[in-house]
file coords00.cif (mmCIF, C-alpha atoms)
data_query
loop_
_atom_site.group_PDB
_atom_site.id
_atom_site.type_symbol
_atom_site.label_atom_id
_atom_site.label_comp_id
_atom_site.auth_asym_id
_atom_site.auth_seq_id
_atom_site.Cartn_x
_atom_site.Cartn_y
_atom_site.Cartn_z
ATOM 1 C CA ALA A 1 -27.832 48.984 7.648
ATOM 2 C CA ARG A 2 -30.013 46.551 5.703
ATOM 3 C CA GLY A 3 -30.198 42.917 6.983
ATOM 4 C CA PHE A 4 -31.045 39.641 5.233
ATOM 5 C CA THR A 5 -34.584 38.883 4.293
ATOM 6 C CA LEU A 6 -36.215 35.581 5.193
ATOM 7 C CA ILE A 7 -36.191 34.509 1.548
ATOM 8 C CA GLU A 8 -32.454 35.163 1.246
ATOM 9 C CA VAL A 9 -31.777 33.122 4.376
ATOM 10 C CA LEU A 10 -33.899 30.230 3.079
ATOM 11 C CA VAL A 11 -32.126 30.317 -0.290
ATOM 12 C CA ALA A 12 -28.722 30.279 1.438
ATOM 13 C CA LEU A 13 -29.777 27.340 3.613
ATOM 14 C CA ALA A 14 -31.049 25.452 0.556
ATOM 15 C CA VAL A 15 -27.753 25.993 -1.292
ATOM 16 C CA MET A 16 -25.781 24.871 1.752
ATOM 17 C CA ALA A 17 -27.966 21.745 2.052
ATOM 18 C CA ILE A 18 -27.388 20.885 -1.608
ATOM 19 C CA LEU A 19 -23.633 21.373 -1.244
ATOM 20 C CA ALA A 20 -23.587 19.250 1.932
ATOM 21 C CA ALA A 21 -25.504 16.461 0.179
ATOM 22 C CA LEU A 22 -23.111 16.505 -2.768
ATOM 23 C CA ALA A 23 -20.110 16.482 -0.454
ATOM 24 C CA TRP A 24 -21.559 13.558 1.531
ATOM 25 C CA GLN A 25 -22.202 11.556 -1.639
ATOM 26 C CA GLY A 26 -18.621 12.151 -2.740
ATOM 27 C CA LEU A 27 -17.279 11.123 0.652
ATOM 28 C CA ALA A 28 -19.497 8.033 0.715
ATOM 29 C CA GLY A 29 -18.235 7.074 -2.747
ATOM 30 C CA MET A 30 -14.632 7.436 -1.622
ATOM 31 C CA LEU A 31 -15.305 5.263 1.431
ATOM 32 C CA ARG A 32 -16.980 2.583 -0.695
ATOM 33 C CA ALA A 33 -14.059 2.611 -3.137
ATOM 34 C CA ARG A 34 -11.603 2.332 -0.256
ATOM 35 C CA ASP A 35 -13.504 -0.564 1.291
ATOM 36 C CA GLY A 36 -13.736 -2.309 -2.079
ATOM 37 C CA SER A 37 -10.024 -1.888 -2.683
ATOM 38 C CA HIS A 38 -9.244 -3.189 0.793
ATOM 39 C CA GLU A 39 -11.439 -6.268 0.288
ATOM 40 C CA ALA A 40 -9.872 -6.950 -3.121
ATOM 41 C CA LEU A 41 -6.391 -6.614 -1.635
ATOM 42 C CA GLN A 42 -7.272 -9.004 1.182
ATOM 43 C CA ARG A 43 -8.586 -11.560 -1.331
ATOM 44 C CA VAL A 44 -5.386 -11.321 -3.377
ATOM 45 C CA LEU A 45 -3.192 -11.677 -0.292
ATOM 46 C CA ARG A 46 -5.220 -14.649 0.933
ATOM 47 C CA LEU A 47 -5.063 -16.308 -2.479
ATOM 48 C CA ASN A 48 -1.297 -15.748 -2.716
ATOM 49 C CA THR A 49 -0.882 -17.322 0.714
ATOM 50 C CA ALA A 50 -3.031 -20.277 -0.351
ATOM 51 C CA VAL A 51 -0.997 -20.833 -3.518
ATOM 52 C CA VAL A 52 2.245 -20.776 -1.525
ATOM 53 C CA GLN A 53 0.749 -23.307 0.903
ATOM 54 C CA TRP A 54 -0.389 -25.471 -2.022
ATOM 55 C CA GLN A 55 3.137 -25.526 -3.389
ATOM 56 C CA GLN A 56 4.638 -26.286 0.004
ATOM 57 C CA ASP A 57 2.226 -29.175 0.559
ATOM 58 C CA LEU A 58 3.086 -30.788 -2.766
ATOM 59 C CA GLN A 59 6.812 -30.244 -2.360
ATOM 60 C CA ALA A 60 6.656 -31.951 1.048
ATOM 61 C CA VAL A 61 4.787 -35.042 -0.202
ATOM 62 C CA ILE A 62 6.195 -38.286 1.139
ATOM 63 C CA ASP A 63 5.380 -41.808 0.011
ATOM 64 C CA VAL A 64 5.170 -43.913 3.179
ATOM 65 C CA ARG A 65 3.925 -46.930 1.171
ATOM 66 C CA VAL A 66 1.023 -47.720 3.477
ATOM 67 C CA VAL A 67 -1.490 -45.220 2.029
ATOM 68 C CA PRO A 68 -1.505 -43.464 -1.356
ATOM 69 C CA PRO A 69 0.718 -40.369 -1.263
ATOM 70 C CA LEU A 70 -1.650 -38.578 -3.667
ATOM 71 C CA ALA A 71 -5.284 -39.324 -4.494
ATOM 72 C CA PHE A 72 -7.804 -37.153 -6.372
ATOM 73 C CA ASP A 73 -11.492 -38.003 -6.846
ATOM 74 C CA GLY A 74 -12.444 -34.918 -8.853
ATOM 75 C CA GLN A 75 -13.419 -32.927 -5.771
ATOM 76 C CA THR A 76 -10.776 -33.567 -3.118
ATOM 77 C CA LEU A 77 -7.029 -34.101 -3.320
ATOM 78 C CA LEU A 78 -5.618 -36.100 -0.422
ATOM 79 C CA LEU A 79 -1.878 -36.181 0.150
ATOM 80 C CA THR A 80 0.591 -37.273 2.793
ATOM 81 C CA ARG A 81 3.291 -34.781 3.681
ATOM 82 C CA ARG A 82 6.159 -34.386 6.104
ATOM 83 C CA VAL A 83 5.408 -32.234 9.136
ATOM 84 C CA PRO A 84 7.339 -31.665 12.360
ATOM 85 C CA GLY A 85 6.799 -34.771 14.444
ATOM 86 C CA GLY A 86 5.750 -37.164 11.703
ATOM 87 C CA VAL A 87 3.457 -37.402 8.683
ATOM 88 C CA ALA A 88 0.126 -35.600 8.241
ATOM 89 C CA ILE A 89 -2.740 -35.993 5.805
ATOM 90 C CA VAL A 90 -3.748 -32.852 3.919
ATOM 91 C CA ALA A 91 -6.988 -32.405 1.985
ATOM 92 C CA TRP A 92 -7.580 -29.724 -0.655
ATOM 93 C CA SER A 93 -11.157 -29.627 -1.914
ATOM 94 C CA LEU A 94 -13.651 -27.569 -3.870
ATOM 95 C CA ARG A 95 -17.159 -27.549 -2.383
ATOM 96 C CA THR A 96 -20.048 -25.220 -3.297
ATOM 97 C CA GLY A 97 -17.726 -22.543 -4.614
ATOM 98 C CA ARG A 98 -15.286 -22.729 -1.695
ATOM 99 C CA TRP A 99 -11.685 -23.851 -2.132
ATOM 100 C CA GLN A 100 -10.679 -25.345 1.191
ATOM 101 C CA ARG A 101 -7.660 -26.833 2.936
ATOM 102 C CA TRP A 102 -7.615 -29.196 5.888
ATOM 103 C CA ILE A 103 -4.687 -30.802 7.661
ATOM 104 C CA GLY A 104 -4.719 -33.575 10.238
ATOM 105 C CA PRO A 105 -2.396 -34.161 13.184
ATOM 106 C CA ALA A 106 1.156 -35.448 12.886
ATOM 107 C CA LEU A 107 1.199 -39.253 12.972
ATOM 108 C CA VAL A 108 3.989 -41.765 13.411
ATOM 109 C CA GLN A 109 2.175 -45.111 13.577
ATOM 110 C CA VAL A 110 1.104 -47.050 10.486
ATOM 111 C CA GLY A 111 -2.291 -48.022 11.875
ATOM 112 C CA ALA A 112 -3.143 -44.481 12.903
ATOM 113 C CA LEU A 113 -2.116 -43.158 9.484
ATOM 114 C CA GLN A 114 -4.259 -45.715 7.655
ATOM 115 C CA GLU A 115 -7.261 -44.946 9.873
ATOM 116 C CA ALA A 116 -6.806 -41.200 9.387
ATOM 117 C CA TRP A 117 -6.590 -41.676 5.617
ATOM 118 C CA LEU A 118 -9.908 -43.525 5.577
ATOM 119 C CA ARG A 119 -11.578 -40.824 7.663
ATOM 120 C CA ALA A 120 -10.152 -38.083 5.434
ATOM 121 C CA GLN A 121 -11.990 -39.563 2.450
ATOM 122 C CA SER A 122 -15.298 -38.669 4.151
ATOM 123 C CA LEU A 123 -14.602 -35.032 4.987
ATOM 124 C CA LEU A 124 -17.676 -32.817 4.610
ATOM 125 C CA GLY A 125 -15.982 -29.422 4.648
ATOM 126 C CA ASN A 126 -17.270 -28.298 8.063
ATOM 127 C CA GLU A 127 -14.746 -30.094 10.237
ATOM 128 C CA ALA A 128 -12.553 -28.305 12.740
ATOM 129 C CA GLY A 129 -9.436 -27.119 10.996
ATOM 130 C CA GLN A 130 -11.100 -26.563 7.616
ATOM 131 C CA LEU A 131 -9.840 -23.290 6.141
ATOM 132 C CA THR A 132 -11.576 -21.584 3.222
ATOM 133 C CA VAL A 133 -8.863 -20.013 1.095
ATOM 134 C CA ALA A 134 -11.111 -18.783 -1.746
ATOM 135 C CA ASP A 135 -14.885 -18.387 -1.832
ATOM 136 C CA ASP A 136 -15.459 -17.647 -5.515
ATOM 137 C CA ALA A 137 -14.075 -20.838 -7.071
ATOM 138 C CA SER A 138 -16.257 -22.608 -9.616
ATOM 139 C CA ASP A 139 -14.082 -25.371 -11.036
ATOM 140 C CA TRP A 140 -10.686 -26.993 -10.722
ATOM 141 C CA GLN A 141 -8.774 -29.606 -12.655
ATOM 142 C CA LEU A 142 -5.613 -31.474 -11.774
ATOM 143 C CA TYR A 143 -3.111 -33.013 -14.171
ATOM 144 C CA LYS A 144 0.075 -34.949 -13.612
ATOM 145 C CA TYR A 145 3.304 -35.075 -15.561
ATOM 146 C CA ILE A 146 5.025 -38.417 -16.040
ATOM 147 C CA ASN A 147 8.265 -38.448 -18.023
ATOM 148 C CA GLY A 148 7.288 -35.136 -19.580
ATOM 149 C CA ASN A 149 3.801 -36.313 -20.597
ATOM 150 C CA LYS A 150 0.722 -34.531 -19.236
ATOM 151 C CA THR A 151 -2.227 -36.765 -18.332
ATOM 152 C CA ASN A 152 -5.474 -36.554 -16.393
ATOM 153 C CA PHE A 153 -4.804 -36.927 -12.699
ATOM 154 C CA GLN A 154 -7.269 -39.769 -12.288
ATOM 155 C CA SER A 155 -5.765 -41.871 -15.051
ATOM 156 C CA THR A 156 -3.466 -44.708 -14.060
ATOM 157 C CA GLY A 157 0.190 -44.765 -14.971
ATOM 158 C CA ASN A 158 3.756 -44.669 -13.722
ATOM 159 C CA VAL A 159 3.348 -48.135 -12.217
ATOM 160 C CA ALA A 160 6.370 -49.535 -10.428
ATOM 161 C CA LEU A 161 7.050 -53.208 -9.816
ATOM 162 C CA PRO A 162 7.425 -54.379 -6.209
ATOM 163 C CA ALA A 163 10.804 -53.537 -4.730
ATOM 164 C CA ALA A 164 13.413 -56.203 -4.269
ATOM 165 C CA GLY A 165 12.758 -58.108 -1.074
ATOM 166 C CA ALA A 166 9.035 -57.321 -1.098
ATOM 167 C CA ALA A 167 6.612 -59.957 0.086
ATOM 168 C CA SER A 168 5.770 -62.694 -2.368
ATOM 169 C CA GLY A 169 2.768 -61.811 -4.513
ATOM 170 C CA ALA A 170 3.008 -58.084 -3.818
ATOM 171 C CA ALA A 171 1.061 -56.128 -6.419
ATOM 172 C CA PRO A 172 2.574 -53.380 -8.561
ATOM 173 C CA ARG A 173 1.879 -49.908 -7.207
ATOM 174 C CA GLU A 174 1.613 -46.489 -8.799
ATOM 175 C CA THR A 175 4.437 -44.130 -7.968
ATOM 176 C CA LEU A 176 4.301 -40.362 -7.709
ATOM 177 C CA PRO A 177 4.293 -38.187 -10.851
ATOM 178 C CA ASP A 178 7.104 -35.778 -11.625
ATOM 179 C CA ALA A 179 4.867 -32.719 -11.299
ATOM 180 C CA VAL A 180 1.266 -31.676 -10.652
ATOM 181 C CA GLU A 181 -0.603 -28.974 -12.561
ATOM 182 C CA MET A 182 -3.639 -27.214 -11.094
ATOM 183 C CA VAL A 183 -6.142 -25.218 -13.144
ATOM 184 C CA LEU A 184 -8.484 -23.320 -10.813
ATOM 185 C CA THR A 185 -11.331 -21.079 -11.979
ATOM 186 C CA LEU A 186 -11.901 -18.087 -9.712
ATOM 187 C CA GLY A 187 -14.733 -15.856 -10.852
ATOM 188 C CA ALA A 188 -13.857 -14.762 -14.382
ATOM 189 C CA HIS A 189 -10.190 -15.667 -14.004
ATOM 190 C CA THR A 190 -8.219 -18.897 -14.286
ATOM 191 C CA LEU A 191 -5.264 -19.694 -12.056
ATOM 192 C CA THR A 192 -2.720 -22.242 -13.321
ATOM 193 C CA ARG A 193 0.176 -23.591 -11.280
ATOM 194 C CA VAL A 194 2.658 -26.386 -11.979
ATOM 195 C CA VAL A 195 4.518 -27.768 -8.960
ATOM 196 C CA THR A 196 7.445 -30.158 -9.238
ATOM 197 C CA LEU A 197 7.398 -32.940 -6.686
ATOM 198 C CA PRO A 198 10.507 -33.979 -4.731
ATOM 199 C CA PRO A 199 12.654 -36.761 -6.217
ATOM 200 C CA ALA A 200 11.079 -40.157 -5.518
ATOM 201 C CA GLY A 201 8.351 -38.393 -3.589
ATOM 202 C CA GLY A 202 10.485 -38.077 -0.501
ATOM 203 C CA THR A 203 10.324 -41.824 0.042
ATOM 204 C CA PRO A 204 12.098 -42.679 3.308
#
call {"tool": "encode", "arguments": {"input": "coords00.cif", "output": "structure tokens"}}
result
Amino acid sequence: ARGFTLIEVLVALAVMAILAALAWQGLAGMLRARDGSHEALQRVLRLNTAVVQWQQDLQAVIDVRVVPPLAFDGQTLLLTRRVPGGVAIVAWSLRTGRWQRWIGPALVQVGALQEAWLRAQSLLGNEAGQLTVADDASDWQLYKYINGNKTNFQSTGNVALPAAGAASGAAPRETLPDAVEMVLTLGAHTLTRVVTLPPAGGTP
């Protein structure tokens, strides 16, 4: 019986090597596609969670009348919201492409709340408790709705006169808008959300 020649064996090995390389490339491509899909899914889930949290924060805003319930400087939105055990300050900000959320402890004393509000205006984005909810954000804009009219968030309006029984000489103060609209740019996409605030801002 005739056996295989050395050339035939080498040719067979070469064919097997080529087939193995092609199979490995296909497998590697499938793994890369799977990993990419998993990462994209995780980003979507994280963004959905962040949007839900954004809505919950705004819908829990409370005007305690000792610090502004909402304040936006173009980079950071500070708000006061109800939390179990008191009132907490929440900061949403956009820094170097990162959309972040930070929340302080529950507070019940006026002085502590005022001090925490002042400190929150100097957040740098690397404090304990800072959570990055999106890392591909490039721009965001906030608008407010007052009596059905949409205006820039940093414009003044909706000013209320001091309440009956207020101290003599008390200055008028701006009340909460009816709703807040966010326009957030994420990569090549734009996310828009309008959140209605609670009646009277949850004023106690």
call {"tool": "residues_around", "arguments": {"input": "coords00.cif", "residues": "region 129-137 of chain A", "least_positions_apart": "6", "cutoff": "7 Å", "atoms": "only C-alpha atoms", "output": "list in words"}}
result
Arg46, Leu47, Ala50, Gly97, Arg98, Trp99, Gln100, Arg101, Trp102, Ile103, Thr185, Leu186 and Gly187 of chain A
call {"tool": "residues_near_point", "arguments": {"input": "coords00.cif", "point": "(7.2, -36.0, 12.5)", "cutoff": "10 Å", "atoms": "all atoms listed in the file", "output": "PyMOL selection string"}}
result
chain A and resi 81-88+105-108
call {"tool": "atom_distance", "arguments": {"input": "coords00.cif", "atom1": "CA of Val15 (chain A)", "atom2": "CA of Ala28 (chain A)"}}
result
19.9 Å
call {"tool": "closest_residue", "arguments": {"input": "coords00.cif", "among": "A:Val110, A:Leu19, A:Ala120, A:Val11", "to": "Leu77 (chain A)", "atoms": "all atoms listed in the file"}}
result
A:Ala120
call {"tool": "atom_distance", "arguments": {"input": "coords00.cif", "atom1": "CA of Leu184 (chain A)", "atom2": "CA of Ser138 (chain A)"}}
result
7.9 Å
call {"tool": "residues_around", "arguments": {"input": "coords00.cif", "residues": "Leu197 (chain A)", "least_positions_apart": "4", "cutoff": "9 Å", "atoms": "only C-alpha atoms", "output": "list in words"}}
result
Leu58, Gln59, Ala60, Val61, Leu176, Pro177, Asp178, Ala179, Val180, Gly201 and Gly202 of chain A
call {"tool": "closest_residue", "arguments": {"input": "coords00.cif", "among": "A:Ala128, A:Thr151, A:Arg34, A:Trp54", "to": "Thr196 (chain A)", "atoms": "only C-alpha atoms"}}
result
A:Trp54
call {"tool": "atom_distance", "arguments": {"input": "coords00.cif", "atom1": "CA of Val64 (chain A)", "atom2": "CA of Val194 (chain A)"}}
result
23.3 Å
call {"tool": "closest_residue", "arguments": {"input": "coords00.cif", "among": "A:Pro68, A:Gly74, A:Pro198, A:Gly125", "to": "Gln154 (chain A)", "atoms": "all atoms listed in the file"}}
result
A:Gly74
call {"tool": "closest_residue", "arguments": {"input": "coords00.cif", "among": "A:Leu22, A:Leu70, A:Ala188, A:Met182", "to": "Gln55 (chain A)", "atoms": "only C-alpha atoms"}}
result
A:Met182
call {"tool": "closest_residue", "arguments": {"input": "coords00.cif", "among": "A:Asp73, A:Glu127, A:Asp57, A:Glu8", "to": "Asn152 (chain A)", "atoms": "only C-alpha atoms"}}
result
A:Asp73
call {"tool": "resolve_selection", "arguments": {"input": "coords00.cif", "expression": "the PyMOL selection byres ((chain A and resi 122) around 12)", "output": "mmCIF file with C-alpha atoms, in the coordinates of the input"}}
result
data_model
loop_
_atom_site.group_PDB
_atom_site.id
_atom_site.type_symbol
_atom_site.label_atom_id
_atom_site.label_comp_id
_atom_site.auth_asym_id
_atom_site.auth_seq_id
_atom_site.Cartn_x
_atom_site.Cartn_y
_atom_site.Cartn_z
ATOM 1 C CA ASP A 73 -11.492 -38.003 -6.846
ATOM 2 C CA GLN A 75 -13.419 -32.927 -5.771
ATOM 3 C CA THR A 76 -10.776 -33.567 -3.118
ATOM 4 C CA LEU A 78 -5.618 -36.100 -0.422
ATOM 5 C CA ALA A 91 -6.988 -32.405 1.985
ATOM 6 C CA SER A 93 -11.157 -29.627 -1.914
ATOM 7 C CA GLU A 115 -7.261 -44.946 9.873
ATOM 8 C CA ALA A 116 -6.806 -41.200 9.387
ATOM 9 C CA TRP A 117 -6.590 -41.676 5.617
ATOM 10 C CA LEU A 118 -9.908 -43.525 5.577
ATOM 11 C CA ARG A 119 -11.578 -40.824 7.663
ATOM 12 C CA ALA A 120 -10.152 -38.083 5.434
ATOM 13 C CA GLN A 121 -11.990 -39.563 2.450
ATOM 14 C CA LEU A 123 -14.602 -35.032 4.987
ATOM 15 C CA LEU A 124 -17.676 -32.817 4.610
ATOM 16 C CA GLY A 125 -15.982 -29.422 4.648
ATOM 17 C CA ASN A 126 -17.270 -28.298 8.063
ATOM 18 C CA GLU A 127 -14.746 -30.094 10.237
#
